[in-house]
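Peer 1: Have a look at this one.
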Amino acid sequence: MSAILSIEHVGVRFGGLVAIADLHFDVHEGEIVSLIGPNGAGKTTAFNVMTGFLKPSQGEVRFRGTSLRDLPPHAITRLGLARTFQRTSVFPDDTVFDNVMIGLHRMGAAAGRVPVIDALLGRAAAGERVVRARAEALLEWVGLAGRAHEKAGALAYGEQRLVGVALALATEPTMLLLDEPVSGMNASETRVFVRLIRQIRERGVTILLVEHDMPMVMEVSDRIVVLNYGRLIAEGPPDRIRTDPAVIKAYLGQGSAARQAAAAIKEAAHA
Amino acid sequence: MNRLLPLALLAGLVAMPLGLGTNPYLLNALIVTGILTIGAMSLNLLLGFTGQLSLGHIAFFGIGAYVSALTSLGFDVDLGLGLRVVHEPWPAWVGFLLATVAAGGCGYLIGRLSFRVRGAYFVIVTISFAEVVRLVALNWVELTQGPLALTNIPPITLGLPGLGMWTLKTKLQNYYLVLTVGTLCYGVIARLVGGRFGRAMRGLKENESLALSVGINATRTLTVAAVISAAMAGAAGSLYAHYLRIIDPDVFLFATTVTMVIMVVAGGKSTLMGPVVGGLIFGLLPVALRPVMAPEAQWIVYGLVLIVILFVMPQGIVPGLSALLSRRQARPAPVLEVNPAVQR
């Protein structure tokens with residue numbers, strides 16, 4: 001297995017704030033890897049660096065050997081690295097079907113042609129039919145065919161996540177970055193989504209996900225990378241991460257502090 | 001309805017001179033309204049479909065007017081340092097083409113310059129650009145005659161080899177010329193917006209990060225939209241110059257941009273028919289009001305009409321009416337509404 005995505009000593013600083021200190025790990029072809037860590041650990045920042053929305057202060061990201069250092073987001077997508085977003089995963093004012101149509105932007109943009117001129121000359125019609133068929137197939141595949149003509153912004157949170165995945169898949173990625181894909185989903189929706197992730201992988205797409213739902217992460221991941229305070233604190237298969245003292249400390253440390261604070265507030269209220 | 005309404009309107013406009021006769025006052029109002037409506041349609045491509053407000057849109061219109069006028073009038077300018085540019089008059093239709101290209105070129109520059117920043121910056125850049133162009137037109141007297149105006153601009157001459165030539169001197173001829181160019185612009189915008197390019201613009205407007213992440217190139221998409229929009233405004237300006245046959249730096253008046261914005265917003269931005277409907281209403285309102293009130297009072301009515309339209313239909317006339325229509329049609333199924341207070 002070769003590394004498809006390499007994060008090479010990436011650091012991100014906003015002025016004096018260190019969001020990511022020094023992050024270094026690889027994702028191999030065909031893997032499902034999860035990036036976890038307490039809130040504020042730098043997971044979403046890491047995603048933004050990988051997809052060109054943020055420039056790293058140091059280090060670089062390589063995707064299939066190409067440095068992504070100076071590439072804008074749309075160019076990175078064209079290399080085959082697609083992502084979903086945590087909160088705003090849809091084009092809210094369009095129907096679900098039109099969302100996917102927008103997502104299929106890259107399709108039909110064959111090299112050397114000028115799409116605007118094609119549209120003006122009416123040559124795009126045949127291409128449009130192919131794109132529409134593809135959009136229908138994609139919606140069918142993620143299980144949203146029944147929702148095709150509803151406004152995306154009016155869907156339930158979990159369904160908007162699915163639209164986001166359909167949009168990312170529309171770019172025909174070889175690797176998919178999912179930012180908290182099951183937040184807002186109930187247990188059965190999550191189960192369906194885990195199955196979907198596995199199906200995506202079976203199609204040859206490598207997956208890196210950020211997620212807070214630990215049972216889901218433990219179930220789906222081949223490997224887990226744990227971040228805390230912008231640093232990698234552990235890396236390995238789920239079983240090892242579950243028992244890793246550094247990981248337990250990172251999560252429980254925070255949890256017990258929160259419990260103490262809650263207890264203190266309760267006492268103050270009774271006094 | 002979406003397909004039929006524009007065709008019905010077009011048929012009506014084609015037939016209008018036959019029905020109403022060739023009343024020169026009415027034809028003049030229709031021609032000027034038509035030219036401004038083309039401007040409004042081009043503005044809508046930016047304001048409605050990409051969400052970028054160009055408050056200097058009149059600059060492209062004015063550049064079109066001046067380029068076309070100067071091309072067909074010729075000029076003799078001393079640039080200093082012994083450089084002298086002499087241009088012999090060319091046919092007016094060449095002026096029309098050059099005007100379109102020159103305005104489109106300016107649209108490219110403005111787009112490249114300002115779409116890296118967007119929003120308020122774009123508004124400011126476009127206003128400044130329009131003001132700079134106006135000052136040039138006002139002060140470069142040797143080229144533009146400044147406030148003395150460019151006069152005697154020739155009318156457009158159309159010809160087909162073997163069929164003869166027509167010089168479009170009468171109002172009726174100009175009316176059909178404007179209608180033809182307007183229809184063409186409408187068709188171009190409809191084609192663009194209905195396809196892949198339109199989806200890219202919508203995506204960028206609704207959720208830019210997501211649009212980037214599906215591979216849409218923001219700068220390129222917005223720049224292309226700006227070029228096409230500016231080129232159409234330039235074409236409208238050229239029609240204006242060859243119809244009125246006199247232009248002065250007042251074609252760059254900020255108020256004209258505002259009129260176009262009003263046409264777009266009242267008619268319904270990001271709809272194809274919105275600027276046409278808004279353009280016809282606000283362009284022809286003075287015609288309807290002239291017999292009953294003084295010009296000063298007309299402005300008050302103008303403002304009131306705008307307020308009423310936006311109060312009743314905040315999205316504009318076309319979206320408002322189509323929402324009304326679809327509600328009518330969908331009436332048989334009144335869904336039981338749950339009172340949000342009880343829902344808990």
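Residues are named by chain letter and number: chains run A, B, ... in the order of the structure tokens, numbers start at 1 in each chain, and ligands are numbered from 1 in the order shown.
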Find the residues around B:Met260 up to 9 Å (only C-alpha atoms counted), leave out those fewer than 2 positions away in its own chain, and share them as a list in words.
Peer 2: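 Counting only the stated atoms, we get Leu36, Thr37, Gly39, Ala40, Met41, Leu43, Asn44, His57, Ile58, Ala255, Thr256, Thr257, Val258, Ile262, Met263, Val264, Val265, Pro275, Gly278 and Gly279 of chain B.
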Peer 1: List every residue of stretch 131-256 of chain A that DSSP, applied to the backbone, labels as strand (DSSP E), and write the result as a list in words.
Peer 2: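 Strand (DSSP E) members of stretch 131-256 of chain A, listed: Met175, Leu176, Leu177, Leu178, Asp179, Thr206, Ile207, Leu208, Leu209, Val210, Arg223, Ile224, Val225, Val226, Leu227, Asn228, Arg231, Leu232, Ile233, Ala234, Glu235 and Gly236 of chain A.
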Peer 1: Please, which residues in chain B fall within 7 Å of chain A when counting only C-alpha atoms, and what is the closest atom pair and distance in Å to one decimal for each, ordered by chain then residue number, as CSV?
Peer 2:
residue,atom,partner,partner_atom,distance
B:Val188,CA,A:Leu120,CA,6.3
B:Arg191,CA,A:Leu120,CA,5.9
B:Leu192,CA,A:Ala119,CA,6.2
B:Gly195,CA,A:Ala119,CA,6.7
B:Arg196,CA,A:His105,CA,6.7
B:Phe197,CA,A:Val116,CA,6.6
B:Arg199,CA,A:Ile102,CA,5.3
B:Ala200,CA,A:Ile102,CA,6.3
B:Gly203,CA,A:Ile102,CA,6.4
B:Glu206,CA,A:Phe91,CA,5.6
B:Asn207,CA,A:Phe91,CA,5.8
B:Leu210,CA,A:Ser89,CA,7.0
B:Leu212,CA,A:His74,CA,4.9
B:Ser213,CA,A:His74,CA,5.6
B:Val214,CA,A:Gly103,CA,5.5
B:Gly215,CA,A:His74,CA,4.0
B:Ile216,CA,A:His74,CA,5.7
B:Asn217,CA,A:His74,CA,5.9
Peer 1: Go ahead and save the residues from that selection, with N, CA and C atoms, as an mmCIF file, in the first residue's frame.
Peer 2:
data_model
loop_
_atom_site.group_PDB
_atom_site.id
_atom_site.type_symbol
_atom_site.label_atom_id
_atom_site.label_comp_id
_atom_site.auth_asym_id
_atom_site.auth_seq_id
_atom_site.Cartn_x
_atom_site.Cartn_y
_atom_site.Cartn_z
ATOM 1 N N VAL B 188 -29.151 34.941 -25.303
ATOM 2 C CA VAL B 188 -27.809 34.596 -24.825
ATOM 3 C C VAL B 188 -27.835 34.359 -23.317
ATOM 4 N N ARG B 191 -29.635 31.071 -22.464
ATOM 5 C CA ARG B 191 -28.788 29.912 -22.737
ATOM 6 C C ARG B 191 -27.732 29.727 -21.645
ATOM 7 N N LEU B 192 -27.079 30.846 -21.297
ATOM 8 C CA LEU B 192 -26.003 30.778 -20.310
ATOM 9 C C LEU B 192 -26.520 30.316 -18.960
ATOM 10 N N GLY B 195 -27.738 26.558 -18.353
ATOM 11 C CA GLY B 195 -26.815 25.434 -18.467
ATOM 12 C C GLY B 195 -25.788 25.374 -17.354
ATOM 13 N N ARG B 196 -24.692 24.746 -17.694
ATOM 14 C CA ARG B 196 -23.633 24.478 -16.736
ATOM 15 C C ARG B 196 -23.061 25.763 -16.147
ATOM 16 N N PHE B 197 -22.893 26.781 -17.018
ATOM 17 C CA PHE B 197 -22.335 28.036 -16.548
ATOM 18 C C PHE B 197 -23.267 28.700 -15.521
ATOM 19 N N ARG B 199 -25.328 27.147 -13.570
ATOM 20 C CA ARG B 199 -25.250 26.401 -12.313
ATOM 21 C C ARG B 199 -24.018 26.799 -11.524
ATOM 22 N N ALA B 200 -22.905 27.026 -12.230
ATOM 23 C CA ALA B 200 -21.685 27.453 -11.539
ATOM 24 C C ALA B 200 -21.926 28.793 -10.848
ATOM 25 N N GLY B 203 -24.166 28.237 -7.830
ATOM 26 C CA GLY B 203 -23.417 27.587 -6.765
ATOM 27 C C GLY B 203 -22.562 28.590 -5.999
ATOM 28 N N GLU B 206 -24.755 30.830 -3.810
ATOM 29 C CA GLU B 206 -25.421 30.230 -2.662
ATOM 30 C C GLU B 206 -24.446 29.761 -1.588
ATOM 31 N N ASN B 207 -23.322 29.214 -2.004
ATOM 32 C CA ASN B 207 -22.384 28.648 -1.028
ATOM 33 C C ASN B 207 -21.018 28.561 -1.689
ATOM 34 N N LEU B 210 -18.488 25.646 -0.843
ATOM 35 C CA LEU B 210 -18.928 24.371 -1.403
ATOM 36 C C LEU B 210 -18.734 24.363 -2.917
ATOM 37 N N LEU B 212 -16.474 25.955 -4.628
ATOM 38 C CA LEU B 212 -15.048 25.749 -4.886
ATOM 39 C C LEU B 212 -14.706 24.283 -4.723
ATOM 40 N N SER B 213 -15.297 23.669 -3.684
ATOM 41 C CA SER B 213 -14.901 22.300 -3.377
ATOM 42 C C SER B 213 -15.478 21.295 -4.375
ATOM 43 N N VAL B 214 -16.438 21.695 -5.212
ATOM 44 C CA VAL B 214 -16.834 20.776 -6.277
ATOM 45 C C VAL B 214 -16.110 21.130 -7.576
ATOM 46 N N GLY B 215 -15.120 21.998 -7.479
ATOM 47 C CA GLY B 215 -14.248 22.235 -8.633
ATOM 48 C C GLY B 215 -14.630 23.436 -9.479
ATOM 49 N N ILE B 216 -15.497 24.317 -8.967
ATOM 50 C CA ILE B 216 -15.861 25.508 -9.740
ATOM 51 C C ILE B 216 -14.821 26.597 -9.501
ATOM 52 N N ASN B 217 -14.312 27.142 -10.609
ATOM 53 C CA ASN B 217 -13.297 28.192 -10.518
ATOM 54 C C ASN B 217 -14.003 29.539 -10.367
#
Peer 1: Give me, please, the distance in Å between atom CA of B:Gly64 and atom CA of B:Ala103, quoted to one decimal.
Peer 2: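 Here the two named atoms are 5.8 Å from each other.
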Peer 1: Calculated over only C-alpha atoms, which of the candidates B:Val224, B:Leu45, B:Ala69, B:Val276 has the smallest distance to B:Leu109?
Peer 2: B:Val224
Peer 1: Pick out each residue of stretch 39-165 of chain A that DSSP on the backbone tags as alpha helix (DSSP H); I need them as number ranges by chain.
Peer 2: A: 43-50, 73-79, 96-103, 115-121, 125-142, 157-165
Peer 1: For B:Tyr175, work out the shell of residues within 9 Å, counting only C-alpha atoms and skipping chain neighbours fewer than 6 positions away, then give it as a VMD selection string.
Peer 2: chain B and resid 17 27 to 28 30 to 31 34
Peer 1: Would you write out those residues with N, CA and C atoms, as a short mmCIF file (atom, residue, chain, number, x, y, z; two decimals), in the first residue's frame?
Peer 2:
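New file result_3.cif:
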data_model
loop_
_atom_site.label_atom_id
_atom_site.label_comp_id
_atom_site.auth_asym_id
_atom_site.auth_seq_id
_atom_site.Cartn_x
_atom_site.Cartn_y
_atom_site.Cartn_z
N PRO B 17 -46.18 48.45 -33.04
CA PRO B 17 -46.27 49.61 -33.94
C PRO B 17 -47.42 49.48 -34.93
N LEU B 27 -43.00 55.83 -29.82
CA LEU B 27 -41.89 55.02 -30.33
C LEU B 27 -40.58 55.42 -29.67
N ASN B 28 -40.38 56.72 -29.52
CA ASN B 28 -39.17 57.19 -28.87
C ASN B 28 -39.06 56.62 -27.46
N LEU B 30 -40.42 53.95 -26.33
CA LEU B 30 -40.19 52.50 -26.39
C LEU B 30 -38.73 52.19 -26.72
N ILE B 31 -38.15 52.99 -27.63
CA ILE B 31 -36.75 52.74 -28.01
C ILE B 31 -35.83 52.96 -26.83
N GLY B 34 -36.30 50.33 -24.35
CA GLY B 34 -35.68 49.08 -24.80
C GLY B 34 -34.19 49.08 -24.56
#
Peer 1: Counting only C-alpha atoms, which residue out of B:Leu239, B:Ala120, B:Val193, B:Ile127 sits closest to B:Pro154?
Peer 2: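 When distances to B:Pro154 are compared using only C-alpha atoms, the smallest one comes from B:Leu239.
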Peer 1: Give me, as a list in words, all polymer residues having an atom no more than 10 Å from A:Val182, counting only C-alpha atoms and skipping those fewer than 2 positions away in the same chain.
Peer 2: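 Counting only the stated atoms, we get Gln86, Tyr157, Gly158, Glu159, Arg161, Leu162, Leu178, Asp179, Glu180, Gly184, Met185, Asn186, Ala187, Glu189, Thr190, Arg191, Phe193, Val194, Val210, Glu211, His212, Asp213 and Met216 of chain A.
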Peer 1: What does the file look like for those residues with C-alpha atoms, as an mmCIF file, in the first residue's frame?
Peer 2:
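out-v2.cif, freshly written:
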data_model
loop_
_atom_site.group_PDB
_atom_site.id
_atom_site.type_symbol
_atom_site.label_atom_id
_atom_site.label_comp_id
_atom_site.auth_asym_id
_atom_site.auth_seq_id
_atom_site.Cartn_x
_atom_site.Cartn_y
_atom_site.Cartn_z
ATOM 1 C CA GLN A 86 -19.426 20.294 8.664
ATOM 2 C CA TYR A 157 -29.854 17.799 8.913
ATOM 3 C CA GLY A 158 -28.888 14.192 8.294
ATOM 4 C CA GLU A 159 -30.232 14.280 4.758
ATOM 5 C CA ARG A 161 -25.196 15.484 4.988
ATOM 6 C CA LEU A 162 -26.093 12.912 2.348
ATOM 7 C CA LEU A 178 -15.712 13.796 5.399
ATOM 8 C CA ASP A 179 -16.076 16.500 8.053
ATOM 9 C CA GLU A 180 -18.326 15.170 10.860
ATOM 10 C CA GLY A 184 -27.210 15.322 13.408
ATOM 11 C CA MET A 185 -28.036 11.761 12.404
ATOM 12 C CA ASN A 186 -29.873 9.330 14.647
ATOM 13 C CA ALA A 187 -28.609 5.808 15.333
ATOM 14 C CA GLU A 189 -29.317 6.863 9.966
ATOM 15 C CA THR A 190 -25.765 6.496 11.202
ATOM 16 C CA ARG A 191 -25.877 2.732 10.562
ATOM 17 C CA PHE A 193 -24.306 5.942 6.580
ATOM 18 C CA VAL A 194 -21.598 3.535 7.779
ATOM 19 C CA VAL A 210 -13.320 13.721 11.205
ATOM 20 C CA GLU A 211 -15.978 12.519 13.625
ATOM 21 C CA HIS A 212 -17.110 12.813 17.226
ATOM 22 C CA ASP A 213 -19.345 9.754 17.247
ATOM 23 C CA MET A 216 -19.153 4.937 14.657
#
Peer 1: What does the structure give for the distance between atom CA of A:Val205 and atom CA of A:Pro38, in Å to one decimal?
Peer 2: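 Answer for the atom CA of A:Val205 to atom CA of A:Pro38 separation: 26.9 Å.
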Peer 1: Find the residue from A:Met218, A:Lys151, A:Leu177, A:Arg240 that sits nearest to A:Lys43; use only C-alpha atoms when measuring.
Peer 2: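 Ranked by minimum distance to A:Lys43, first place goes to A:Leu177.
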